[in-house]
Amino acid sequence: MSQPTPDGPVLVAGGAGYIGSHTVRLLQEREIELSVLDNLSTGHREAVSAPLDVVDLGDREALAEVFERRRPAAVIHFAAKCYVGESVEDPSKYYRENVTYTWNLLEAMRAADCRDIVFSSTCATYGEPVQVPMTEDHPQVPINPYGHTKLHMEHMMQDYAHAYGMRAAALRYFNAAGAASDGTIGEVHAPETHLIPLVLQVALGKREEILMFGGDYDTPDGTCIRDYIHVDDLADAHLRALATLQAGTTTLACNLGTGTGFSVQEVVEAARRVTGREIPARLVDRRPGDPAQLVSGGSRARELLAWEPKRTGLDEILGDAWRFHTAHPDGY
């Protein structure tokens with residue numbers, strides 16, 4: 001596959017976060033001019049070696065100043081809140097920081113004549129699966145405020161594209177996983193809720209055991225199945241989406257996943273192989289709202305972006321994550 005090169009400077013909003021920092025790294029590897037905008041509320045300054053403006057998207061004056069100074073030709077937008085449980089407990093925060101702040105960003109882009117935006121969306125916009133695998137034609141009926149706000153953000157960008165001559169791509173990804181292959185940047189959240197880093201924390205002795213929520217699902221081993229997509233493959237897709245917009249596509253939306261699911265039990269077993277550690281695991285009751293399977297379907301990303309995930313093996317994904325976590329057992 002060829003490696004597309006965006007036309008003009010890129011501003012990465014939320015570029016100090018997990019997926020954002022890997023996308024920044026890829027932009028740097030391809031010698032693309034860029035800057036990062038992040039309020040560092042959940043991102044990490046240590047994950048970014050590019051020019052960084054510590055600015056909140058809620059500060060419209062500061063945001064306008066960044067666009068005036070940096071003059072980006074395009075934006076890759078990762079800056080959003082992403083905890084499902086928190087969104088249920090505090091929907092106001094999610095509508096403010098996901099929806100309203102994205103409106104601020106789009107208005108700053110309009111004022112600066114910055115036309116192209118690639119948006120970090122999610123399979124949570126689909127809600128409960130009515131079919132597995134889930135293609136881009138799956139109904140978008142989110143079941144929590146997090147999914148609702150991400151869908152609102154998609155709709156807002158589509159409306160701006162149609163009304164104001166902007167171009168927007170929404171990338172709906174499944175379970176981001178892995179880390180940079182050299183172990184220098186990876187996944188650090190507080191609190192941590194994702195399965196792979198939690199399992200590796202057990203391997204490191206940071207947790208006593210991993211809890212497996214539900215062993216009675218309609219899956220081969222009874223545990224939930226998810227589609228794990230390597231963070232470097234996600235980064236590559238964002239650059240491809242931007243190049244596709246700059247080639248003339250007005251709007252696009254596509255899934256990012258491997259099309260293959262792995263169960264919680266399979267992830268734990270793979271982690272034991274990769275780390276050589278015992279990793280105690282215990283089955284507990286199901287969590288409310290956990291579907292049995294979430295697996296990506298469809299070929300739209302391949303057709304529109306000429307994108308294929310490269311690092312799809314579970315042991316490979318876990319191996320990269322383990323390399324990062326052993327080098328950074330307490331985070332950055």
# chains A, B, ... in the order shown; residues from 1 in each chain; ligands from 1
call {"tool": "residues_around", "arguments": {"residues": "stretch 254-258 of chain A", "least_positions_apart": "6", "cutoff": "9 Å", "atoms": "only C-alpha atoms", "output": "VMD selection string"}}
result
chain A and resid 122 to 123 134 to 136 169 to 176 227 to 230 233 to 234 237 295 to 301 304 308 to 309 312
call {"tool": "residues_around", "arguments": {"residues": "stretch 29-32 of chain A", "least_positions_apart": "6", "cutoff": "12 Å", "atoms": "only C-alpha atoms", "output": "mmCIF file with C-alpha atoms, in the first residue's frame"}}
result
data_model
loop_
_atom_site.group_PDB
_atom_site.id
_atom_site.type_symbol
_atom_site.label_atom_id
_atom_site.label_comp_id
_atom_site.auth_asym_id
_atom_site.auth_seq_id
_atom_site.Cartn_x
_atom_site.Cartn_y
_atom_site.Cartn_z
ATOM 1 C CA GLN A 3 1.655 5.994 2.000
ATOM 2 C CA PRO A 4 -0.486 9.106 1.427
ATOM 3 C CA THR A 5 0.882 12.494 2.403
ATOM 4 C CA PRO A 6 -1.542 15.195 3.576
ATOM 5 C CA ASP A 7 -1.361 18.546 1.827
ATOM 6 C CA GLY A 8 -0.392 21.301 4.285
ATOM 7 C CA PRO A 9 0.128 21.577 8.055
ATOM 8 C CA VAL A 10 -2.013 19.385 10.294
ATOM 9 C CA LEU A 11 -3.352 20.286 13.736
ATOM 10 C CA VAL A 12 -3.941 17.228 15.950
ATOM 11 C CA HIS A 22 0.581 7.488 17.772
ATOM 12 C CA THR A 23 -0.913 9.490 14.904
ATOM 13 C CA SER A 49 7.611 15.497 20.839
ATOM 14 C CA ALA A 50 5.826 17.812 18.386
ATOM 15 C CA PRO A 72 -3.344 24.444 9.753
ATOM 16 C CA ALA A 73 -4.761 23.158 6.483
ATOM 17 C CA ALA A 74 -6.489 20.269 8.256
ATOM 18 C CA ALA A 235 -3.038 6.092 12.934
ATOM 19 C CA ASP A 236 -2.423 5.007 9.347
ATOM 20 C CA LEU A 239 -3.719 9.849 7.441
#
call {"tool": "residues_around", "arguments": {"residues": "A:Ala327", "least_positions_apart": "5", "cutoff": "9 Å", "atoms": "only C-alpha atoms", "output": "number ranges by chain"}}
result
A: 183-184, 322
call {"tool": "select_by_dssp", "arguments": {"residues": "stretch 55-245 of chain A", "states": "alpha helix (DSSP H)", "output": "PyMOL selection string"}}
result
chain A and resi 60-70+84-89+91-94+101-111+145-164+195-203+231-245
call {"tool": "select_by_dssp", "arguments": {"residues": "stretch 99-288 of chain A", "states": "strand (DSSP E)", "output": "number ranges by chain"}}
result
A: 116-122, 167-173, 175-177, 210-213, 225-226, 228-230, 251-256, 262-263, 281-284
call {"tool": "write_last_selection", "arguments": {"atoms": "C-alpha atoms", "output": "PDB file, in the first residue's frame"}}
result
ATOM      1  CA  ASP A 116     -10.672  19.314   6.307  1.00  0.00           C
ATOM      2  CA  ILE A 117     -11.362  17.340   9.476  1.00  0.00           C
ATOM      3  CA  VAL A 118     -10.842  13.675  10.299  1.00  0.00           C
ATOM      4  CA  PHE A 119     -12.828  12.642  13.350  1.00  0.00           C
ATOM      5  CA  SER A 120     -12.173   9.903  15.889  1.00  0.00           C
ATOM      6  CA  SER A 121     -15.604   8.293  16.112  1.00  0.00           C
ATOM      7  CA  THR A 122     -16.603   4.920  17.555  1.00  0.00           C
ATOM      8  CA  ARG A 167     -14.836  18.027   4.175  1.00  0.00           C
ATOM      9  CA  ALA A 168     -15.227  15.511   6.996  1.00  0.00           C
ATOM     10  CA  ALA A 169     -14.320  11.888   7.681  1.00  0.00           C
ATOM     11  CA  ALA A 170     -15.739   9.880  10.600  1.00  0.00           C
ATOM     12  CA  LEU A 171     -13.720   6.793  11.536  1.00  0.00           C
ATOM     13  CA  ARG A 172     -15.700   4.412  13.732  1.00  0.00           C
ATOM     14  CA  TYR A 173     -13.263   2.158  15.439  1.00  0.00           C
ATOM     15  CA  ASN A 175     -11.220  -1.750  20.398  1.00  0.00           C
ATOM     16  CA  ALA A 176      -7.987   0.205  20.052  1.00  0.00           C
ATOM     17  CA  ALA A 177      -5.058  -1.819  21.388  1.00  0.00           C
ATOM     18  CA  ILE A 210      -8.264  -9.871  36.164  1.00  0.00           C
ATOM     19  CA  LEU A 211     -12.043  -9.965  36.410  1.00  0.00           C
ATOM     20  CA  MET A 212     -13.875 -11.531  33.464  1.00  0.00           C
ATOM     21  CA  PHE A 213     -17.396 -10.164  33.387  1.00  0.00           C
ATOM     22  CA  ILE A 225     -15.810 -11.153  21.991  1.00  0.00           C
ATOM     23  CA  ARG A 226     -14.268  -7.896  20.754  1.00  0.00           C
ATOM     24  CA  TYR A 228      -8.956  -5.442  18.650  1.00  0.00           C
ATOM     25  CA  ILE A 229      -7.335  -3.019  16.201  1.00  0.00           C
ATOM     26  CA  HIS A 230      -3.697  -1.990  16.593  1.00  0.00           C
ATOM     27  CA  THR A 251     -17.753  13.253   3.517  1.00  0.00           C
ATOM     28  CA  LEU A 252     -17.001   9.675   4.404  1.00  0.00           C
ATOM     29  CA  ALA A 253     -17.650   7.320   7.298  1.00  0.00           C
ATOM     30  CA  CYS A 254     -16.157   3.896   7.756  1.00  0.00           C
ATOM     31  CA  ASN A 255     -15.385   1.262  10.350  1.00  0.00           C
ATOM     32  CA  LEU A 256     -11.867   0.505  11.500  1.00  0.00           C
ATOM     33  CA  PHE A 262     -11.176 -12.455  20.234  1.00  0.00           C
ATOM     34  CA  SER A 263     -12.838 -13.413  23.493  1.00  0.00           C
ATOM     35  CA  ALA A 281      -8.409 -14.551  36.321  1.00  0.00           C
ATOM     36  CA  ARG A 282     -11.837 -14.829  37.910  1.00  0.00           C
ATOM     37  CA  LEU A 283     -15.271 -15.027  36.347  1.00  0.00           C
ATOM     38  CA  VAL A 284     -17.818 -12.639  37.857  1.00  0.00           C
TER      39      VAL A 284
END
call {"tool": "residues_around", "arguments": {"residues": "A:Gly331", "least_positions_apart": "2", "cutoff": "12 Å", "atoms": "only C-alpha atoms", "output": "number ranges by chain"}}
result
A: 18, 43-47, 183-192, 197, 201, 206, 324-329
call {"tool": "residues_around", "arguments": {"residues": "A:Gly178", "least_positions_apart": "5", "cutoff": "6 Å", "atoms": "only C-alpha atoms", "output": "mmCIF file with N, CA and C atoms, in the first residue's frame"}}
result
data_model
loop_
_atom_site.group_PDB
_atom_site.id
_atom_site.type_symbol
_atom_site.label_atom_id
_atom_site.label_comp_id
_atom_site.auth_asym_id
_atom_site.auth_seq_id
_atom_site.Cartn_x
_atom_site.Cartn_y
_atom_site.Cartn_z
ATOM 1 N N HIS A 230 -4.959 -2.557 16.121
ATOM 2 C CA HIS A 230 -3.697 -1.990 16.593
ATOM 3 C C HIS A 230 -3.690 -0.477 16.399
ATOM 4 N N VAL A 231 -3.184 0.218 17.394
ATOM 5 C CA VAL A 231 -3.196 1.687 17.370
ATOM 6 C C VAL A 231 -2.394 2.245 16.197
ATOM 7 N N ILE A 317 -0.187 -7.828 18.962
ATOM 8 C CA ILE A 317 -0.758 -6.655 19.630
ATOM 9 C C ILE A 317 -0.367 -6.636 21.098
ATOM 10 N N ASP A 320 3.434 -5.816 21.668
ATOM 11 C CA ASP A 320 3.753 -4.391 21.631
ATOM 12 C C ASP A 320 3.299 -3.703 22.919
ATOM 13 N N ALA A 321 2.089 -4.040 23.378
ATOM 14 C CA ALA A 321 1.588 -3.436 24.613
ATOM 15 C C ALA A 321 2.463 -3.823 25.806
#
call {"tool": "atom_distance", "arguments": {"atom1": "atom CA of A:Arg115", "atom2": "atom CA of A:Tyr95"}}
result
24.0 Å
call {"tool": "closest_residue", "arguments": {"among": "A:Ile196, A:Glu208, A:Gly165, A:Ser181", "to": "A:Gly248", "atoms": "only C-alpha atoms"}}
result
A:Gly165
call {"tool": "atom_distance", "arguments": {"atom1": "atom CA of A:Val132", "atom2": "atom CA of A:Pro91"}}
result
28.5 Å
call {"tool": "atom_distance", "arguments": {"atom1": "atom CA of A:Met153", "atom2": "atom CA of A:Val99"}}
result
5.8 Å
call {"tool": "closest_residue", "arguments": {"among": "A:Gln131, A:Arg311, A:Thr223, A:Leu34", "to": "A:Val48", "atoms": "only C-alpha atoms"}}
result
A:Leu34
call {"tool": "closest_residue", "arguments": {"among": "A:Glu107, A:Glu269, A:Asp290, A:Asp38", "to": "A:Arg60", "atoms": "only C-alpha atoms"}}
result
A:Glu107
call {"tool": "closest_residue", "arguments": {"among": "A:Arg287, A:Asp232, A:Gly85, A:Arg277", "to": "A:Tyr217", "atoms": "only C-alpha atoms"}}
result
A:Arg287
call {"tool": "decode", "arguments": {"residues": "stretch 225-243 of chain A", "atoms": "C-alpha atoms", "output": "PDB file, in the first residue's frame"}}
result
ATOM      1  CA  ILE A 225     -15.810 -11.153  21.991  1.00  0.00           C
ATOM      2  CA  ARG A 226     -14.268  -7.896  20.754  1.00  0.00           C
ATOM      3  CA  ASP A 227     -12.420  -6.742  17.632  1.00  0.00           C
ATOM      4  CA  TYR A 228      -8.956  -5.442  18.650  1.00  0.00           C
ATOM      5  CA  ILE A 229      -7.335  -3.019  16.201  1.00  0.00           C
ATOM      6  CA  HIS A 230      -3.697  -1.990  16.593  1.00  0.00           C
ATOM      7  CA  VAL A 231      -3.196   1.687  17.370  1.00  0.00           C
ATOM      8  CA  ASP A 232      -0.591   2.051  14.605  1.00  0.00           C
ATOM      9  CA  ASP A 233      -3.134   0.768  12.079  1.00  0.00           C
ATOM     10  CA  LEU A 234      -5.614   3.325  13.393  1.00  0.00           C
ATOM     11  CA  ALA A 235      -3.038   6.092  12.934  1.00  0.00           C
ATOM     12  CA  ASP A 236      -2.423   5.007   9.347  1.00  0.00           C
ATOM     13  CA  ALA A 237      -6.158   5.102   8.613  1.00  0.00           C
ATOM     14  CA  HIS A 238      -6.423   8.700   9.841  1.00  0.00           C
ATOM     15  CA  LEU A 239      -3.719   9.849   7.441  1.00  0.00           C
ATOM     16  CA  ARG A 240      -5.361   7.943   4.602  1.00  0.00           C
ATOM     17  CA  ALA A 241      -8.724   9.489   5.415  1.00  0.00           C
ATOM     18  CA  LEU A 242      -7.218  12.964   5.354  1.00  0.00           C
ATOM     19  CA  ALA A 243      -5.555  12.332   1.994  1.00  0.00           C
TER      20      ALA A 243
END
